[in-house]
$ cat protein_30.pdb   # PDB, C-alpha atoms
ATOM      1  CA  MET X   1     141.347  34.170  93.386
ATOM      2  CA  THR X   2     140.933  35.405  96.966
ATOM      3  CA  ASP X   3     141.393  39.107  96.176
ATOM      4  CA  ALA X   4     138.503  39.222  93.727
ATOM      5  CA  ARG X   5     136.287  36.979  95.816
ATOM      6  CA  HIS X   6     136.806  38.332  99.341
ATOM      7  CA  ILE X   7     136.606  34.900 100.937
ATOM      8  CA  LYS X   8     135.416  35.328 104.500
ATOM      9  CA  ASN X   9     133.314  32.187 104.998
ATOM     10  CA  ILE X  10     133.393  28.456 104.334
ATOM     11  CA  THR X  11     130.516  26.708 102.595
ATOM     12  CA  LEU X  12     129.993  22.955 102.541
ATOM     13  CA  ILE X  13     127.875  21.506  99.748
ATOM     14  CA  GLY X  14     127.171  17.915  98.806
ATOM     15  CA  PHE X  15     124.517  15.265  98.930
ATOM     16  CA  MET X  16     122.608  14.450 102.104
ATOM     17  CA  GLY X  17     124.508  12.199 104.450
ATOM     18  CA  THR X  18     127.988  13.233 103.303
ATOM     19  CA  GLY X  19     128.836  14.801 106.670
ATOM     20  CA  LYS X  20     128.341  18.506 105.983
ATOM     21  CA  THR X  21     126.812  19.243 109.385
ATOM     22  CA  THR X  22     129.266  17.143 111.395
ATOM     23  CA  VAL X  23     132.311  18.459 109.533
ATOM     24  CA  GLY X  24     130.936  21.998 109.548
ATOM     25  CA  ARG X  25     130.527  22.029 113.322
ATOM     26  CA  LEU X  26     134.087  20.739 113.787
ATOM     27  CA  VAL X  27     135.525  23.361 111.426
ATOM     28  CA  ALA X  28     133.544  26.168 113.061
ATOM     29  CA  GLU X  29     134.719  25.098 116.507
ATOM     30  CA  GLN X  30     138.386  24.958 115.474
ATOM     31  CA  LEU X  31     138.339  28.292 113.635
ATOM     32  CA  ASN X  32     136.093  30.001 116.197
ATOM     33  CA  PHE X  33     133.548  30.651 113.424
ATOM     34  CA  GLU X  34     129.784  30.580 113.696
ATOM     35  CA  PHE X  35     128.081  27.469 112.294
ATOM     36  CA  LEU X  36     124.957  27.837 110.172
ATOM     37  CA  ASP X  37     122.876  25.043 108.629
ATOM     38  CA  THR X  38     120.640  26.377 105.857
ATOM     39  CA  ASP X  39     117.985  23.691 106.339
ATOM     40  CA  ALA X  40     117.825  24.313 110.103
ATOM     41  CA  LEU X  41     117.546  28.072 109.556
ATOM     42  CA  ILE X  42     114.722  27.620 107.033
ATOM     43  CA  GLU X  43     112.908  25.363 109.505
ATOM     44  CA  GLU X  44     113.373  27.944 112.244
ATOM     45  CA  ARG X  45     112.138  30.816 110.084
ATOM     46  CA  THR X  46     109.103  29.005 108.672
ATOM     47  CA  GLY X  47     108.192  27.043 111.777
ATOM     48  CA  LYS X  48     107.955  23.947 109.558
ATOM     49  CA  LYS X  49     110.089  20.881 109.020
ATOM     50  CA  ILE X  50     111.691  20.575 105.570
ATOM     51  CA  ALA X  51     109.559  17.493 104.869
ATOM     52  CA  ASP X  52     106.422  19.514 105.649
ATOM     53  CA  ILE X  53     107.497  22.366 103.356
ATOM     54  CA  PHE X  54     108.028  19.833 100.551
ATOM     55  CA  ALA X  55     104.661  18.163 101.245
ATOM     56  CA  GLN X  56     102.604  21.329 101.702
ATOM     57  CA  ASN X  57     104.283  23.799  99.354
ATOM     58  CA  GLY X  58     106.386  21.673  96.996
ATOM     59  CA  GLU X  59     110.061  21.573  96.186
ATOM     60  CA  PRO X  60     110.045  24.803  94.098
ATOM     61  CA  ALA X  61     108.792  26.783  97.106
ATOM     62  CA  PHE X  62     111.520  25.291  99.260
ATOM     63  CA  ARG X  63     114.195  26.099  96.657
ATOM     64  CA  GLN X  64     112.971  29.718  96.631
ATOM     65  CA  LEU X  65     113.427  29.902 100.409
ATOM     66  CA  GLU X  66     116.967  28.583  99.942
ATOM     67  CA  ALA X  67     117.750  31.192  97.281
ATOM     68  CA  GLN X  68     116.509  34.009  99.525
ATOM     69  CA  LEU X  69     118.676  32.758 102.373
ATOM     70  CA  VAL X  70     121.767  32.438 100.164
ATOM     71  CA  GLU X  71     121.400  36.110  99.208
ATOM     72  CA  GLU X  72     121.566  37.055 102.890
ATOM     73  CA  LEU X  73     124.656  34.966 103.612
ATOM     74  CA  GLY X  74     126.987  37.339 101.781
ATOM     75  CA  MET X  75     126.643  39.775 104.666
ATOM     76  CA  ARG X  76     128.196  37.263 107.071
ATOM     77  CA  THR X  77     131.835  36.918 108.090
ATOM     78  CA  GLY X  78     133.497  34.033 109.896
ATOM     79  CA  THR X  79     130.724  31.549 109.234
ATOM     80  CA  VAL X  80     130.775  27.901 108.246
ATOM     81  CA  ILE X  81     127.685  27.320 106.117
ATOM     82  CA  SER X  82     126.301  23.809 105.688
ATOM     83  CA  THR X  83     123.814  23.690 102.816
ATOM     84  CA  GLY X  84     120.995  21.394 101.912
ATOM     85  CA  GLY X  85     121.958  18.845  99.265
ATOM     86  CA  GLY X  86     119.950  20.449  96.466
ATOM     87  CA  LEU X  87     120.900  24.068  97.138
ATOM     88  CA  PRO X  88     123.742  24.134  94.554
ATOM     89  CA  THR X  89     121.390  23.025  91.757
ATOM     90  CA  ASN X  90     120.424  26.670  91.429
ATOM     91  CA  PRO X  91     123.482  28.077  89.608
ATOM     92  CA  GLU X  92     122.851  31.536  91.087
ATOM     93  CA  ASN X  93     123.280  30.068  94.572
ATOM     94  CA  LEU X  94     126.766  28.843  93.702
ATOM     95  CA  VAL X  95     127.769  32.168  92.170
ATOM     96  CA  THR X  96     126.549  34.029  95.243
ATOM     97  CA  LEU X  97     128.261  31.651  97.664
ATOM     98  CA  LYS X  98     131.558  31.846  95.789
ATOM     99  CA  ASN X  99     131.557  35.636  96.164
ATOM    100  CA  HIS X 100     132.234  35.299  99.896
ATOM    101  CA  SER X 101     133.025  31.638 100.605
ATOM    102  CA  LEU X 102     135.505  28.972  99.795
ATOM    103  CA  VAL X 103     133.114  26.227  98.664
ATOM    104  CA  PHE X 104     133.847  22.594  99.509
ATOM    105  CA  CYS X 105     131.890  19.634  98.187
ATOM    106  CA  LEU X 106     131.864  16.522 100.361
ATOM    107  CA  TRP X 107     131.456  13.393  98.277
ATOM    108  CA  LEU X 108     130.502   9.780  99.062
ATOM    109  CA  THR X 109     129.454   6.758  97.028
ATOM    110  CA  PRO X 110     125.685   6.238  96.636
ATOM    111  CA  GLU X 111     125.942   3.050  98.697
ATOM    112  CA  LYS X 112     127.690   4.815 101.586
ATOM    113  CA  ILE X 113     125.118   7.630 101.491
ATOM    114  CA  TYR X 114     122.277   5.118 101.569
ATOM    115  CA  GLU X 115     123.880   3.316 104.504
ATOM    116  CA  ARG X 116     124.080   6.603 106.429
ATOM    117  CA  VAL X 117     120.551   7.896 105.685
ATOM    118  CA  LYS X 118     118.385   4.798 105.187
ATOM    119  CA  ASP X 119     116.816   4.981 108.649
ATOM    120  CA  GLN X 120     116.233   8.748 108.631
ATOM    121  CA  THR X 121     112.549   9.552 108.100
ATOM    122  CA  HIS X 122     113.075  13.319 107.722
ATOM    123  CA  ARG X 123     114.576  13.011 104.207
ATOM    124  CA  PRO X 124     111.662  13.848 101.850
ATOM    125  CA  LEU X 125     113.565  13.058  98.667
ATOM    126  CA  LEU X 126     114.108   9.476  99.835
ATOM    127  CA  HIS X 127     110.424   8.627 100.184
ATOM    128  CA  ALA X 128     110.639   6.396  97.122
ATOM    129  CA  ALA X 129     110.160   2.723  96.335
ATOM    130  CA  ASP X 130     113.896   2.429  95.524
ATOM    131  CA  PRO X 131     115.766   4.932  97.727
ATOM    132  CA  LEU X 132     119.223   3.785  96.575
ATOM    133  CA  GLY X 133     118.125   4.207  92.955
ATOM    134  CA  LYS X 134     116.803   7.671  93.825
ATOM    135  CA  ILE X 135     120.143   8.574  95.438
ATOM    136  CA  ARG X 136     122.021   7.420  92.330
ATOM    137  CA  ALA X 137     119.720   9.400  90.023
ATOM    138  CA  LEU X 138     119.948  12.551  92.135
ATOM    139  CA  LEU X 139     123.737  12.287  92.361
ATOM    140  CA  ILE X 140     123.962  12.018  88.582
ATOM    141  CA  SER X 141     121.711  15.049  88.109
ATOM    142  CA  ARG X 142     123.569  17.109  90.726
ATOM    143  CA  GLU X 143     127.126  16.071  89.912
ATOM    144  CA  LYS X 144     127.745  18.951  87.487
ATOM    145  CA  PHE X 145     126.765  21.424  90.210
ATOM    146  CA  TYR X 146     128.756  19.731  92.959
ATOM    147  CA  LYS X 147     131.865  19.694  90.743
ATOM    148  CA  GLN X 148     131.761  23.499  90.591
ATOM    149  CA  ALA X 149     132.940  23.662  94.197
ATOM    150  CA  ASP X 150     136.405  25.083  94.788
ATOM    151  CA  VAL X 151     137.495  21.873  96.515
ATOM    152  CA  LEU X 152     136.076  18.356  96.151
ATOM    153  CA  LEU X 153     136.662  16.093  99.160
ATOM    154  CA  ASN X 154     135.860  12.409  99.165
ATOM    155  CA  SER X 155     134.836  11.783 102.746
ATOM    156  CA  ASP X 156     134.391   8.031 102.266
ATOM    157  CA  LEU X 157     137.609   6.807 103.836
ATOM    158  CA  ARG X 158     138.272   9.701 106.222
ATOM    159  CA  SER X 159     136.870  10.475 109.636
ATOM    160  CA  ALA X 160     134.893  13.689 110.111
ATOM    161  CA  ARG X 161     137.871  15.125 111.995
ATOM    162  CA  GLU X 162     140.225  14.339 109.095
ATOM    163  CA  VAL X 163     137.835  15.965 106.611
ATOM    164  CA  ALA X 164     137.476  18.996 108.888
ATOM    165  CA  GLN X 165     141.259  19.346 109.089
ATOM    166  CA  GLN X 166     141.490  19.226 105.289
ATOM    167  CA  VAL X 167     138.847  21.972 105.030
ATOM    168  CA  ILE X 168     140.751  24.138 107.494
ATOM    169  CA  THR X 169     144.062  23.586 105.703
ATOM    170  CA  GLN X 170     142.569  24.474 102.323
ATOM    171  CA  TYR X 171     140.784  27.536 103.750
ATOM    172  CA  ARG X 172     143.958  28.838 105.373
ATOM    173  CA  ALA X 173     145.905  28.315 102.155
ATOM    174  CA  ALA X 174     143.248  30.166 100.145
ATOM    175  CA  THR X 175     143.050  33.087 102.543
ATOM    176  CA  LYS X 176     146.714  33.034 103.662
ATOM    177  CA  THR X 177     145.735  33.541 107.283
ATOM    178  CA  ARG X 178     146.468  31.656 110.454
ATOM    179  CA  ARG X 179     143.302  31.901 112.471
TER     180      ARG X 179
END
$ encode --input "protein_30.pdb" --output "structure tokens"
Amino acid sequence: MTDARHIKNITLIGFMGTGKTTVGRLVAEQLNFEFLDTDALIEERTGKKIADIFAQNGEPAFRQLEAQLVEELGMRTGTVISTGGGLPTNPENLVTLKNHSLVFCLWLTPEKIYERVKDQTHRPLLHAADPLGKIRALLISREKFYKQADVLLNSDLRSAREVAQQVITQYRAATKTRR
């Protein structure tokens, strides 16, 4: 697996609120890797918040920005990449990421996700009459993409540090290095 893929990065996918950013920062710190959040980088490059991109340009325009960024990520080495929750719904994004990354999906129950994100106003996909229902529907529609990750980690009953340690252990086993 690793010889053909040239794994040199770690990518965290999963629904919003599953801990990708928190875990990603911990992993990057412990491995002395750079941390990159795709949503933050898109905001930096466009000068707009994700919610504003959705409102002004629509979700398809945002997904195109994600796809362009994913293409660039293959040039990186020693990076922990935290993706937006919908990024893996473009199958080409997953193929590209798997060329250079060990891909982890962090998973939580819809109720736990809702509990974590219910007070966050910057989540454009949750501006719905029934946010928990929207989370459930989106999880169902995205599940087939999330399950294509190399490693699925339920982060429900583990601390961020425990999840980060599991990511590091799996990465080291896949790359057979001791960084």
$ residues_around --input "protein_30.pdb" --residues "Val117 of chain X" --least-positions-apart "6" --cutoff "12 Å" --atoms "all atoms listed in the file" --output "list in words"
Phe15, Met16, Gly17, Thr18, Gly19, Pro110, Glu111, Arg123, Pro124, Leu125, Leu126, His127, Pro131, Leu132 and Ile135 of chain X
$ resolve_selection --input "protein_30.pdb" --expression "the PyMOL selection byres ((chain X and resi 61-68) around 8)" --output "list in words"
Thr38, Ile42, Ile50, Ile53, Phe54, Asn57, Gly58, Glu59, Pro60, Leu69, Val70, Glu71, Glu72, Leu87, Asn90 and Asn93 of chain X
$ write_last_selection --input "protein_30.pdb" --atoms "C-alpha atoms" --output "mmCIF file, in the frame of the given file"
data_model
loop_
_atom_site.group_PDB
_atom_site.id
_atom_site.type_symbol
_atom_site.label_atom_id
_atom_site.label_comp_id
_atom_site.auth_asym_id
_atom_site.auth_seq_id
_atom_site.Cartn_x
_atom_site.Cartn_y
_atom_site.Cartn_z
ATOM 1 C CA THR X 38 120.640 26.377 105.857
ATOM 2 C CA ILE X 42 114.722 27.620 107.033
ATOM 3 C CA ILE X 50 111.691 20.575 105.570
ATOM 4 C CA ILE X 53 107.497 22.366 103.356
ATOM 5 C CA PHE X 54 108.028 19.833 100.551
ATOM 6 C CA ASN X 57 104.283 23.799 99.354
ATOM 7 C CA GLY X 58 106.386 21.673 96.996
ATOM 8 C CA GLU X 59 110.061 21.573 96.186
ATOM 9 C CA PRO X 60 110.045 24.803 94.098
ATOM 10 C CA LEU X 69 118.676 32.758 102.373
ATOM 11 C CA VAL X 70 121.767 32.438 100.164
ATOM 12 C CA GLU X 71 121.400 36.110 99.208
ATOM 13 C CA GLU X 72 121.566 37.055 102.890
ATOM 14 C CA LEU X 87 120.900 24.068 97.138
ATOM 15 C CA ASN X 90 120.424 26.670 91.429
ATOM 16 C CA ASN X 93 123.280 30.068 94.572
#
$ axis_aligned_box --input "protein_30.pdb" --around "segment 105-117 of chain X" --padding-each-side "8 Å" --output "lines of an AutoDock Vina configuration file"
center_x = 126.2
center_y = 11.3
center_z = 101.5
size_x = 27.3
size_y = 32.6
size_z = 25.8
$ resolve_selection --input "protein_30.pdb" --expression "the PyMOL selection byres ((chain X and resi 155) around 7)" --output "list in words"
Leu106, Trp107, Leu108, Leu153, Asn154, Asp156, Leu157, Arg158 and Val163 of chain X
$ closest_residue --input "protein_30.pdb" --among "X:Ala51, X:Leu73, X:Leu102, X:Ala129" --to "Arg172 of chain X" --atoms "only C-alpha atoms"
X:Leu102
$ resolve_selection --input "protein_30.pdb" --expression "the PyMOL selection byres ((chain X and resi 40) around 12)" --output "VMD selection string"
chain X and resid 21 35 to 39 41 to 51 66 69 81 to 84
$ atom_distance --input "protein_30.pdb" --atom1 "atom CA of Ala164 of chain X" --atom2 "atom CA of Lys134 of chain X"
28.0 Å
$ atom_distance --input "protein_30.pdb" --atom1 "atom CA of Asn32 of chain X" --atom2 "atom CA of Ser159 of chain X"
20.6 Å
$ closest_residue --input "protein_30.pdb" --among "X:Gly86, X:Glu29, X:Thr175, X:Thr169" --to "His6 of chain X" --atoms "all atoms listed in the file"
X:Thr175
